[in-house]
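Asker: Structure: final09.pdb, PDB, C-alpha atoms, pLDDT in the B column.
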ATOM      1  CA  MET S1473       3.526  -0.242  20.089  1.00 41.00           C
ATOM      2  CA  GLU S1474       5.172  -3.473  18.991  1.00 45.00           C
ATOM      3  CA  TRP S1475       6.741  -4.751  15.818  1.00 49.00           C
ATOM      4  CA  ASN S1476       3.538  -5.582  13.881  1.00 58.00           C
ATOM      5  CA  PRO S1477       1.919  -2.123  14.272  1.00 82.00           C
ATOM      6  CA  ALA S1478       5.196  -0.531  13.160  1.00 86.00           C
ATOM      7  CA  ILE S1479       5.132  -2.637  10.000  1.00 90.00           C
ATOM      8  CA  LEU S1480       1.533  -1.542   9.391  1.00 93.00           C
ATOM      9  CA  ILE S1481       2.514   2.125   9.757  1.00 95.00           C
ATOM     10  CA  ILE S1482       5.409   1.709   7.333  1.00 96.00           C
ATOM     11  CA  GLY S1483       3.100  -0.026   4.857  1.00 95.00           C
ATOM     12  CA  ALA S1484       0.379   2.599   5.280  1.00 96.00           C
ATOM     13  CA  SER S1485       2.949   5.364   4.798  1.00 97.00           C
ATOM     14  CA  PHE S1486       4.308   3.686   1.668  1.00 97.00           C
ATOM     15  CA  GLY S1487       0.807   3.407   0.208  1.00 97.00           C
ATOM     16  CA  SER S1488      -0.144   6.941   1.259  1.00 97.00           C
ATOM     17  CA  PHE S1489       2.848   8.505  -0.469  1.00 97.00           C
ATOM     18  CA  LYS S1490       2.123   6.449  -3.595  1.00 96.00           C
ATOM     19  CA  LEU S1491      -1.398   7.901  -3.534  1.00 96.00           C
ATOM     20  CA  ILE S1492      -0.142  11.437  -2.822  1.00 96.00           C
ATOM     21  CA  SER S1493       2.251  11.094  -5.757  1.00 95.00           C
ATOM     22  CA  ARG S1494      -0.634  10.164  -8.066  1.00 94.00           C
ATOM     23  CA  VAL S1495      -2.778  13.061  -6.834  1.00 95.00           C
ATOM     24  CA  VAL S1496       0.100  15.524  -7.225  1.00 92.00           C
ATOM     25  CA  GLY S1497       0.633  14.178 -10.737  1.00 87.00           C
ATOM     26  CA  SER S1498      -2.878  15.342 -11.643  1.00 88.00           C
ATOM     27  CA  PHE S1499      -2.086  18.954 -10.681  1.00 88.00           C
ATOM     28  CA  PRO S1500      -1.356  21.493 -13.461  1.00 87.00           C
ATOM     29  CA  THR S1501       2.313  21.372 -14.491  1.00 89.00           C
ATOM     30  CA  PRO S1502       4.260  24.466 -15.658  1.00 89.00           C
ATOM     31  CA  GLU S1503       5.106  24.381 -19.346  1.00 89.00           C
ATOM     32  CA  SER S1504       8.823  24.463 -18.543  1.00 88.00           C
ATOM     33  CA  ALA S1505       8.441  21.251 -16.483  1.00 88.00           C
ATOM     34  CA  LEU S1506       6.382  19.289 -19.004  1.00 86.00           C
ATOM     35  CA  ARG S1507       9.482  17.560 -20.384  1.00 88.00           C
ATOM     36  CA  ASN S1508      10.002  15.829 -17.031  1.00 90.00           C
ATOM     37  CA  ARG S1509       6.604  15.546 -15.400  1.00 92.00           C
ATOM     38  CA  TRP S1510       7.761  12.632 -13.265  1.00 93.00           C
ATOM     39  CA  LYS S1511      10.508  14.719 -11.634  1.00 94.00           C
ATOM     40  CA  TRP S1512       8.053  17.577 -10.989  1.00 95.00           C
ATOM     41  CA  ARG S1513       5.647  15.147  -9.296  1.00 95.00           C
ATOM     42  CA  ASN S1514       8.445  13.470  -7.346  1.00 96.00           C
ATOM     43  CA  ILE S1515       9.849  16.738  -5.993  1.00 96.00           C
ATOM     44  CA  LEU S1516       6.418  18.016  -4.911  1.00 96.00           C
ATOM     45  CA  THR S1517       5.775  14.734  -3.063  1.00 97.00           C
ATOM     46  CA  SER S1518       9.216  14.929  -1.432  1.00 97.00           C
ATOM     47  CA  MET S1519       8.550  18.507  -0.342  1.00 97.00           C
ATOM     48  CA  MET S1520       5.300  17.436   1.347  1.00 96.00           C
ATOM     49  CA  HIS S1521       7.222  14.772   3.267  1.00 97.00           C
ATOM     50  CA  SER S1522       9.843  17.339   4.310  1.00 97.00           C
ATOM     51  CA  VAL S1523       7.261  19.844   5.567  1.00 97.00           C
ATOM     52  CA  VAL S1524       5.410  17.222   7.617  1.00 97.00           C
ATOM     53  CA  THR S1525       8.429  15.393   9.073  1.00 97.00           C
ATOM     54  CA  GLY S1526      10.492  18.536   9.706  1.00 96.00           C
ATOM     55  CA  ILE S1527       7.732  20.091  11.835  1.00 97.00           C
ATOM     56  CA  TRP S1528       6.908  16.715  13.407  1.00 97.00           C
ATOM     57  CA  ALA S1529      10.551  16.150  14.458  1.00 97.00           C
ATOM     58  CA  VAL S1530      10.688  19.508  16.248  1.00 96.00           C
ATOM     59  CA  LEU S1531       7.383  18.777  18.005  1.00 97.00           C
ATOM     60  CA  CYS S1532       8.642  15.348  19.129  1.00 96.00           C
ATOM     61  CA  PHE S1533      11.459  16.940  21.105  1.00 95.00           C
ATOM     62  CA  TYR S1534       9.279  19.801  22.339  1.00 95.00           C
ATOM     63  CA  LEU S1535       6.462  17.545  23.609  1.00 94.00           C
ATOM     64  CA  HIS S1536       8.707  14.764  24.964  1.00 94.00           C
ATOM     65  CA  ARG S1537      11.797  16.541  26.286  1.00 92.00           C
ATOM     66  CA  PRO S1538      13.351  13.543  28.134  1.00 93.00           C
ATOM     67  CA  MET S1539      14.115  12.078  24.689  1.00 94.00           C
ATOM     68  CA  ALA S1540      16.722  14.807  24.153  1.00 90.00           C
ATOM     69  CA  GLN S1541      18.593  13.523  27.215  1.00 90.00           C
ATOM     70  CA  ASP S1542      18.522   9.872  26.139  1.00 92.00           C
ATOM     71  CA  LEU S1543      18.559   9.270  22.388  1.00 93.00           C
ATOM     72  CA  ILE S1544      19.023   5.511  22.795  1.00 92.00           C
ATOM     73  CA  ALA S1545      16.223   4.127  24.983  1.00 93.00           C
ATOM     74  CA  THR S1546      13.789   7.004  25.497  1.00 94.00           C
ATOM     75  CA  TYR S1547      11.107   7.678  22.906  1.00 94.00           C
ATOM     76  CA  SER S1548       7.428   8.548  22.565  1.00 94.00           C
ATOM     77  CA  LEU S1549       4.685   6.905  20.535  1.00 93.00           C
ATOM     78  CA  SER S1550       4.683   9.966  18.262  1.00 95.00           C
ATOM     79  CA  SER S1551       8.436   9.784  17.628  1.00 96.00           C
ATOM     80  CA  ARG S1552       8.315   6.090  16.717  1.00 94.00           C
ATOM     81  CA  CYS S1553       5.394   6.765  14.392  1.00 96.00           C
ATOM     82  CA  LEU S1554       7.411   9.573  12.779  1.00 97.00           C
ATOM     83  CA  VAL S1555      10.392   7.319  12.061  1.00 97.00           C
ATOM     84  CA  SER S1556       8.072   4.571  10.746  1.00 96.00           C
ATOM     85  CA  VAL S1557       6.289   7.037   8.440  1.00 97.00           C
ATOM     86  CA  SER S1558       9.659   8.212   7.122  1.00 97.00           C
ATOM     87  CA  VAL S1559      10.753   4.632   6.409  1.00 97.00           C
ATOM     88  CA  GLY S1560       7.568   4.225   4.364  1.00 97.00           C
ATOM     89  CA  TYR S1561       8.269   7.441   2.459  1.00 98.00           C
ATOM     90  CA  PHE S1562      11.883   6.521   1.663  1.00 97.00           C
ATOM     91  CA  LEU S1563      10.739   3.081   0.464  1.00 97.00           C
ATOM     92  CA  HIS S1564       8.215   4.812  -1.802  1.00 97.00           C
ATOM     93  CA  ASP S1565      10.784   7.270  -3.161  1.00 97.00           C
ATOM     94  CA  PHE S1566      13.362   4.512  -3.648  1.00 97.00           C
ATOM     95  CA  THR S1567      10.973   2.427  -5.773  1.00 96.00           C
ATOM     96  CA  ASP S1568       9.681   5.532  -7.574  1.00 95.00           C
ATOM     97  CA  MET S1569      13.184   6.535  -8.672  1.00 95.00           C
ATOM     98  CA  LEU S1570      14.143   2.952  -9.502  1.00 93.00           C
ATOM     99  CA  TRP S1571      11.097   2.645 -11.767  1.00 93.00           C
ATOM    100  CA  ASN S1572      11.126   6.074 -13.431  1.00 92.00           C
ATOM    101  CA  GLN S1573      14.739   7.258 -13.597  1.00 90.00           C
ATOM    102  CA  LYS S1574      17.906   5.882 -15.135  1.00 87.00           C
ATOM    103  CA  LEU S1575      20.333   4.428 -12.608  1.00 85.00           C
ATOM    104  CA  GLN S1576      23.217   6.687 -13.639  1.00 84.00           C
ATOM    105  CA  HIS S1577      21.084   9.733 -12.796  1.00 84.00           C
ATOM    106  CA  SER S1578      19.771   8.513  -9.446  1.00 88.00           C
ATOM    107  CA  TRP S1579      22.363   6.195  -7.884  1.00 89.00           C
ATOM    108  CA  GLU S1580      23.453   8.781  -5.292  1.00 88.00           C
ATOM    109  CA  LEU S1581      19.927   9.282  -3.964  1.00 91.00           C
ATOM    110  CA  LEU S1582      19.176   5.564  -4.151  1.00 93.00           C
ATOM    111  CA  PHE S1583      22.288   4.879  -2.078  1.00 91.00           C
ATOM    112  CA  HIS S1584      21.290   7.627   0.392  1.00 90.00           C
ATOM    113  CA  HIS S1585      17.783   6.186   0.728  1.00 94.00           C
ATOM    114  CA  ALA S1586      19.110   2.640   1.230  1.00 94.00           C
ATOM    115  CA  VAL S1587      21.323   3.822   4.108  1.00 90.00           C
ATOM    116  CA  VAL S1588      18.435   5.735   5.719  1.00 93.00           C
ATOM    117  CA  ILE S1589      16.019   2.804   5.356  1.00 95.00           C
ATOM    118  CA  ILE S1590      18.516   0.420   7.007  1.00 92.00           C
ATOM    119  CA  CYS S1591      19.374   2.780   9.893  1.00 91.00           C
ATOM    120  CA  PHE S1592      15.790   3.891  10.549  1.00 94.00           C
ATOM    121  CA  GLY S1593      14.577   0.301  10.133  1.00 93.00           C
ATOM    122  CA  ILE S1594      16.963  -0.861  12.870  1.00 91.00           C
ATOM    123  CA  ALA S1595      15.682   1.897  15.182  1.00 93.00           C
ATOM    124  CA  VAL S1596      12.030   0.977  14.565  1.00 93.00           C
ATOM    125  CA  CYS S1597      12.629  -2.777  14.955  1.00 89.00           C
ATOM    126  CA  LEU S1598      14.681  -2.505  18.134  1.00 88.00           C
ATOM    127  CA  CYS S1599      12.715   0.397  19.660  1.00 90.00           C
ATOM    128  CA  ARG S1600      16.115   1.950  20.334  1.00 92.00           C
ATOM    129  CA  TYR S1601      17.899   4.982  18.847  1.00 94.00           C
ATOM    130  CA  ILE S1602      14.497   6.484  17.973  1.00 95.00           C
ATOM    131  CA  GLY S1603      15.641   9.834  19.395  1.00 95.00           C
ATOM    132  CA  PHE S1604      18.767   9.695  17.244  1.00 95.00           C
ATOM    133  CA  ALA S1605      16.624   9.030  14.151  1.00 95.00           C
ATOM    134  CA  VAL S1606      14.395  12.007  15.036  1.00 97.00           C
ATOM    135  CA  VAL S1607      17.511  14.210  15.278  1.00 96.00           C
ATOM    136  CA  ALA S1608      18.449  13.005  11.782  1.00 95.00           C
ATOM    137  CA  LEU S1609      14.996  14.038  10.532  1.00 96.00           C
ATOM    138  CA  LEU S1610      15.674  17.652  11.544  1.00 96.00           C
ATOM    139  CA  VAL S1611      17.538  17.902   8.224  1.00 96.00           C
ATOM    140  CA  GLU S1612      14.115  17.824   6.559  1.00 96.00           C
ATOM    141  CA  ILE S1613      13.683  21.457   7.630  1.00 97.00           C
ATOM    142  CA  ASN S1614      16.399  22.323   5.138  1.00 97.00           C
ATOM    143  CA  SER S1615      14.964  19.867   2.606  1.00 96.00           C
ATOM    144  CA  VAL S1616      11.849  22.063   2.344  1.00 97.00           C
ATOM    145  CA  PHE S1617      13.947  24.877   0.845  1.00 97.00           C
ATOM    146  CA  LEU S1618      16.116  22.444  -1.116  1.00 96.00           C
ATOM    147  CA  HIS S1619      13.032  21.012  -2.828  1.00 97.00           C
ATOM    148  CA  LEU S1620      11.560  24.487  -3.306  1.00 97.00           C
ATOM    149  CA  ARG S1621      14.770  25.450  -5.101  1.00 96.00           C
ATOM    150  CA  GLN S1622      14.309  22.540  -7.526  1.00 95.00           C
ATOM    151  CA  ILE S1623      10.668  23.491  -8.087  1.00 95.00           C
ATOM    152  CA  LEU S1624      11.633  27.102  -8.889  1.00 95.00           C
ATOM    153  CA  LEU S1625      14.322  25.927 -11.304  1.00 95.00           C
ATOM    154  CA  MET S1626      11.873  23.650 -13.105  1.00 94.00           C
ATOM    155  CA  ALA S1627       9.351  26.501 -13.233  1.00 93.00           C
ATOM    156  CA  ASN S1628      12.031  28.631 -14.941  1.00 93.00           C
ATOM    157  CA  MET S1629      12.191  31.137 -12.043  1.00 93.00           C
ATOM    158  CA  ARG S1630      15.952  31.137 -11.475  1.00 92.00           C
ATOM    159  CA  LYS S1631      16.371  34.873 -12.106  1.00 90.00           C
ATOM    160  CA  THR S1632      13.587  35.952  -9.740  1.00 93.00           C
ATOM    161  CA  THR S1633      14.045  37.655  -6.360  1.00 95.00           C
ATOM    162  CA  PHE S1634      12.110  34.823  -4.725  1.00 96.00           C
ATOM    163  CA  PHE S1635      14.667  32.301  -5.974  1.00 96.00           C
ATOM    164  CA  ARG S1636      17.515  34.423  -4.612  1.00 95.00           C
ATOM    165  CA  ILE S1637      15.870  34.721  -1.189  1.00 96.00           C
ATOM    166  CA  ASN S1638      15.187  30.991  -1.114  1.00 97.00           C
ATOM    167  CA  SER S1639      18.827  30.293  -2.058  1.00 95.00           C
ATOM    168  CA  ILE S1640      20.050  32.320   0.927  1.00 96.00           C
ATOM    169  CA  ILE S1641      17.605  30.607   3.325  1.00 97.00           C
ATOM    170  CA  ASN S1642      18.480  27.243   1.784  1.00 96.00           C
ATOM    171  CA  LEU S1643      22.204  27.737   2.367  1.00 95.00           C
ATOM    172  CA  GLY S1644      21.624  29.028   5.924  1.00 95.00           C
ATOM    173  CA  THR S1645      19.365  26.139   6.923  1.00 96.00           C
ATOM    174  CA  TYR S1646      21.773  23.754   5.175  1.00 96.00           C
ATOM    175  CA  ILE S1647      24.570  24.826   7.526  1.00 95.00           C
ATOM    176  CA  ILE S1648      22.327  24.713  10.626  1.00 95.00           C
ATOM    177  CA  PHE S1649      20.169  21.650   9.988  1.00 94.00           C
ATOM    178  CA  ARG S1650      22.449  19.506   7.830  1.00 93.00           C
ATOM    179  CA  ILE S1651      26.137  20.209   8.413  1.00 92.00           C
ATOM    180  CA  SER S1652      25.805  21.158  12.104  1.00 93.00           C
ATOM    181  CA  THR S1653      23.328  18.358  12.825  1.00 93.00           C
ATOM    182  CA  LEU S1654      25.515  15.749  11.114  1.00 90.00           C
ATOM    183  CA  ALA S1655      28.573  17.019  13.010  1.00 91.00           C
ATOM    184  CA  TRP S1656      26.681  16.781  16.311  1.00 92.00           C
ATOM    185  CA  MET S1657      25.411  13.287  15.458  1.00 90.00           C
ATOM    186  CA  THR S1658      28.942  12.124  14.611  1.00 89.00           C
ATOM    187  CA  ARG S1659      30.185  13.473  17.960  1.00 90.00           C
ATOM    188  CA  TRP S1660      27.301  11.762  19.777  1.00 91.00           C
ATOM    189  CA  VAL S1661      28.093   8.382  18.190  1.00 88.00           C
ATOM    190  CA  ALA S1662      31.764   8.718  19.176  1.00 88.00           C
ATOM    191  CA  LEU S1663      30.919   9.699  22.781  1.00 89.00           C
ATOM    192  CA  ASN S1664      28.411   6.866  23.187  1.00 89.00           C
ATOM    193  CA  ARG S1665      30.576   4.170  21.634  1.00 90.00           C
ATOM    194  CA  ASP S1666      30.460   2.022  24.809  1.00 89.00           C
ATOM    195  CA  ASN S1667      26.655   2.093  24.930  1.00 87.00           C
ATOM    196  CA  ILE S1668      26.131   0.929  21.343  1.00 88.00           C
ATOM    197  CA  PRO S1669      26.562  -2.712  20.174  1.00 89.00           C
ATOM    198  CA  LEU S1670      29.417  -3.213  17.707  1.00 90.00           C
ATOM    199  CA  VAL S1671      27.202  -4.117  14.725  1.00 88.00           C
ATOM    200  CA  THR S1672      24.891  -1.117  15.257  1.00 85.00           C
ATOM    201  CA  TYR S1673      27.880   1.155  15.872  1.00 89.00           C
ATOM    202  CA  SER S1674      29.561  -0.028  12.653  1.00 90.00           C
ATOM    203  CA  ILE S1675      26.413   0.458  10.540  1.00 85.00           C
ATOM    204  CA  GLY S1676      25.789   3.870  12.125  1.00 84.00           C
ATOM    205  CA  SER S1677      29.393   5.014  11.634  1.00 87.00           C
ATOM    206  CA  VAL S1678      29.474   3.964   7.976  1.00 87.00           C
ATOM    207  CA  GLY S1679      26.076   5.590   7.408  1.00 84.00           C
ATOM    208  CA  MET S1680      27.213   8.844   9.023  1.00 87.00           C
ATOM    209  CA  ALA S1681      30.430   8.912   6.986  1.00 88.00           C
ATOM    210  CA  ILE S1682      28.448   8.457   3.758  1.00 87.00           C
ATOM    211  CA  MET S1683      25.946  11.171   4.732  1.00 88.00           C
ATOM    212  CA  ILE S1684      28.668  13.657   5.626  1.00 89.00           C
ATOM    213  CA  LEU S1685      30.527  13.092   2.345  1.00 90.00           C
ATOM    214  CA  MET S1686      27.350  13.393   0.259  1.00 89.00           C
ATOM    215  CA  ASN S1687      26.229  16.553   2.047  1.00 91.00           C
ATOM    216  CA  ILE S1688      29.621  18.251   1.674  1.00 92.00           C
ATOM    217  CA  VAL S1689      29.537  17.544  -2.073  1.00 91.00           C
ATOM    218  CA  LEU S1690      25.954  18.850  -2.331  1.00 92.00           C
ATOM    219  CA  PHE S1691      26.838  21.988  -0.336  1.00 93.00           C
ATOM    220  CA  TYR S1692      29.678  22.756  -2.768  1.00 93.00           C
ATOM    221  CA  ARG S1693      27.376  22.229  -5.744  1.00 92.00           C
ATOM    222  CA  LEU S1694      24.757  24.594  -4.283  1.00 93.00           C
ATOM    223  CA  LEU S1695      27.355  27.231  -3.421  1.00 92.00           C
ATOM    224  CA  ARG S1696      28.893  27.058  -6.892  1.00 92.00           C
ATOM    225  CA  SER S1697      25.563  27.067  -8.724  1.00 91.00           C
ATOM    226  CA  ASP S1698      23.637  29.712  -6.762  1.00 90.00           C
ATOM    227  CA  PHE S1699      26.375  32.082  -5.595  1.00 86.00           C
ATOM    228  CA  LEU S1700      29.782  31.601  -7.220  1.00 84.00           C
ATOM    229  CA  LYS S1701      28.324  31.135 -10.712  1.00 70.00           C
ATOM    230  CA  SER S1702      25.954  34.112 -10.374  1.00 55.00           C
ATOM    231  CA  SER S1703      28.841  36.282  -9.125  1.00 52.00           C
ATOM    232  CA  ARG S1704      30.932  35.399 -12.175  1.00 54.00           C
ATOM    233  CA  GLU S1705      27.989  36.121 -14.472  1.00 53.00           C
ATOM    234  CA  GLY S1706      27.475  39.481 -12.766  1.00 49.00           C
ATOM    235  CA  LYS S1707      31.104  40.442 -13.336  1.00 49.00           C
ATOM    236  CA  LYS S1708      30.876  39.484 -17.011  1.00 46.00           C
ATOM    237  CA  GLU S1709      27.775  41.649 -17.442  1.00 38.00           C
ATOM    238  CA  LYS S1710      29.578  44.629 -15.878  1.00 40.00           C
ATOM    239  CA  GLU S1711      32.552  44.098 -18.184  1.00 38.00           C
ATOM    240  CA  ILE S1712      30.239  44.049 -21.186  1.00 39.00           C
TER
END
Translate this file's structure into structure tokens.

Answerer:
Amino acid sequence: MEWNPAILIIGASFGSFKLISRVVGSFPTPESALRNRWKWRNILTSMMHSVVTGIWAVLCFYLHRPMAQDLIATYSLSSRCLVSVSVGYFLHDFTDMLWNQKLQHSWELLFHHAVVIICFGIAVCLCRYIGFAVVALLVEINSVFLHLRQILLMANMRKTTFFRINSIINLGTYIIFRISTLAWMTRWVALNRDNIPLVTYSIGSVGMAIMILMNIVLFYRLLRSDFLKSSREGKKEKEI
């Protein structure tokens, strides 16, 4: 699989997610989400990407185990396709947000997507670090519950038992598949410094630093919103 087919896969993925977004937009929308139908459509599309790529990333390591031993040079056709598909999705989501949302409300995600597109793009172009990119895509397992949380909030289901259960699973998978994975990836980059060209190492290090900072901030926001805030509200109700 050479450069041209990879470009075709990225383009096909970009077009496919544009089409999926349109189809999802035709689905019935809860009354509570009618004020922001674009966001409802965008989150549903993002959740579909997370479900597919999260499962696909696990299967890549399960079906091609040597890749886990060499994240730089070893990869399978399936794993390179996965990274290419994800580049196409992030390009779609980047343009979708740029077109439909004000910059002050989306700059964090736009910045995140730009970093991912650059890092994954380098992996696809060079046919190196594919395994490392697949490790990064394990975070999509948590993204399934993160997107589900947003869907439940937009559907006005915050006070339901289902939302509470999802919040617990979301926080647990956040620690396992985001914080722990990012920590492991940072350690891997540091240990393999001599095997990575300076330019790639610099881009990867800056990208990792940005991801870690953004995910720590998001973790605090989730903890405060779903647990600390609800605990304070519970105490106030008891006092009343």

Asker: When you count only C-alpha atoms, which of these residues is closest to Asn1508 of chain S: S:Ser1697, S:Thr1653, S:Ser1674, S:Gln1573?

Answerer: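 Nearest to Asn1508 of chain S: S:Gln1573.
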
Asker: Given all atoms listed in the file, how would the per-residue table for segment 1546-1625 of chain S near segment 1484-1496 of chain S read, listing every residue at most 7 Å away with its closest atom pair and distance in Å to one decimal, sorted by chain and number, as JSON lines?

Answerer:
{"residue": "S:Val1557", "atom": "CA", "partner": "S:Ser1485", "partner_atom": "CA", "distance": 5.2}
{"residue": "S:Gly1560", "atom": "CA", "partner": "S:Phe1486", "partner_atom": "CA", "distance": 4.3}
{"residue": "S:Tyr1561", "atom": "CA", "partner": "S:Phe1486", "partner_atom": "CA", "distance": 5.5}
{"residue": "S:Leu1563", "atom": "CA", "partner": "S:Phe1486", "partner_atom": "CA", "distance": 6.6}
{"residue": "S:His1564", "atom": "CA", "partner": "S:Phe1486", "partner_atom": "CA", "distance": 5.3}

Asker: Smallest atom-to-atom distance to Ser1504 of chain S: which of S:Ile1623, S:Val1530, S:Ile1688, S:Leu1535, using all atoms listed in the file?

Answerer: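 Using all atoms listed in the file, the shortest distance to Ser1504 of chain S belongs to S:Ile1623.
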
Asker: Expand the PyMOL selection byres ((chain S and resi 1682) around 12) into the individual residues it matches in the shown file, reporting them as number ranges by chain.

Answerer: S: 1580-1581, 1583-1588, 1654, 1658, 1675-1681, 1683-1689

Asker: Quick check, in Å to one decimal: how far apart do atom CA of Gly1593 of chain S and atom CA of Thr1672 of chain S lie?

Answerer: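 About the pair atom CA of Gly1593 of chain S and atom CA of Thr1672 of chain S: they are 11.6 Å apart.
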
Asker: Go through S:Phe1562, S:Phe1691, S:Trp1512, S:Tyr1534 one by one, measure the shortest atom-to-atom distance of each to Leu1582 of chain S using only C-alpha atoms, and give the residue with the smallest value.

Answerer: S:Phe1562

Asker: Since I can't run it myself right now, could you work out what the PyMOL selection byres ((chain S and resi 1624) around 12) selects here and report it as a ChimeraX atom specification?

Answerer: /S:1502,1504-1505,1512,1515-1516,1617-1623,1625-1639

Asker: For the residues in the current selection, export C-alpha atoms as a PDB file, keeping the file's coordinate frame.

Answerer:
ATOM      1  CA  PRO S1502       4.260  24.466 -15.658  1.00 89.00           C
ATOM      2  CA  SER S1504       8.823  24.463 -18.543  1.00 88.00           C
ATOM      3  CA  ALA S1505       8.441  21.251 -16.483  1.00 88.00           C
ATOM      4  CA  TRP S1512       8.053  17.577 -10.989  1.00 95.00           C
ATOM      5  CA  ILE S1515       9.849  16.738  -5.993  1.00 96.00           C
ATOM      6  CA  LEU S1516       6.418  18.016  -4.911  1.00 96.00           C
ATOM      7  CA  PHE S1617      13.947  24.877   0.845  1.00 97.00           C
ATOM      8  CA  LEU S1618      16.116  22.444  -1.116  1.00 96.00           C
ATOM      9  CA  HIS S1619      13.032  21.012  -2.828  1.00 97.00           C
ATOM     10  CA  LEU S1620      11.560  24.487  -3.306  1.00 97.00           C
ATOM     11  CA  ARG S1621      14.770  25.450  -5.101  1.00 96.00           C
ATOM     12  CA  GLN S1622      14.309  22.540  -7.526  1.00 95.00           C
ATOM     13  CA  ILE S1623      10.668  23.491  -8.087  1.00 95.00           C
ATOM     14  CA  LEU S1625      14.322  25.927 -11.304  1.00 95.00           C
ATOM     15  CA  MET S1626      11.873  23.650 -13.105  1.00 94.00           C
ATOM     16  CA  ALA S1627       9.351  26.501 -13.233  1.00 93.00           C
ATOM     17  CA  ASN S1628      12.031  28.631 -14.941  1.00 93.00           C
ATOM     18  CA  MET S1629      12.191  31.137 -12.043  1.00 93.00           C
ATOM     19  CA  ARG S1630      15.952  31.137 -11.475  1.00 92.00           C
ATOM     20  CA  LYS S1631      16.371  34.873 -12.106  1.00 90.00           C
ATOM     21  CA  THR S1632      13.587  35.952  -9.740  1.00 93.00           C
ATOM     22  CA  THR S1633      14.045  37.655  -6.360  1.00 95.00           C
ATOM     23  CA  PHE S1634      12.110  34.823  -4.725  1.00 96.00           C
ATOM     24  CA  PHE S1635      14.667  32.301  -5.974  1.00 96.00           C
ATOM     25  CA  ARG S1636      17.515  34.423  -4.612  1.00 95.00           C
ATOM     26  CA  ILE S1637      15.870  34.721  -1.189  1.00 96.00           C
ATOM     27  CA  ASN S1638      15.187  30.991  -1.114  1.00 97.00           C
ATOM     28  CA  SER S1639      18.827  30.293  -2.058  1.00 95.00           C
TER      29      SER S1639
END

Asker: Tell me which residues the PyMOL selection byres ((chain S and resi 1518) around 9) grabs here, as a VMD selection string.

Answerer: chain S and resid 1513 to 1517 1519 to 1523 1561 1565 1615 to 1616 1619

Asker: Mind working out the centre and edge lengths of an axis-aligned box for segment 1558-1573 of chain S, all listed atoms inside, 8 Å added to each side, rounded to one decimal in Å and written as AutoDock Vina command-line options?

Answerer:
--center_x 11.2 --center_y 5.3 --center_z -3.2 --size_x 23.2 --size_y 21.8 --size_z 36.7

Asker: Rounded to one decimal, what separation in Å do you get between atom CA of Ala1540 of chain S and atom CA of Arg1600 of chain S?

Answerer: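 These two atoms are separated by 13.4 Å.
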
Asker: I'd like the interatomic distance between atom CA of Cys1591 of chain S and atom CA of His1536 of chain S, to a tenth of an Å.

Answerer: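 Computing the Euclidean distance for atom CA of Cys1591 of chain S and atom CA of His1536 of chain S yields 22.0 Å.
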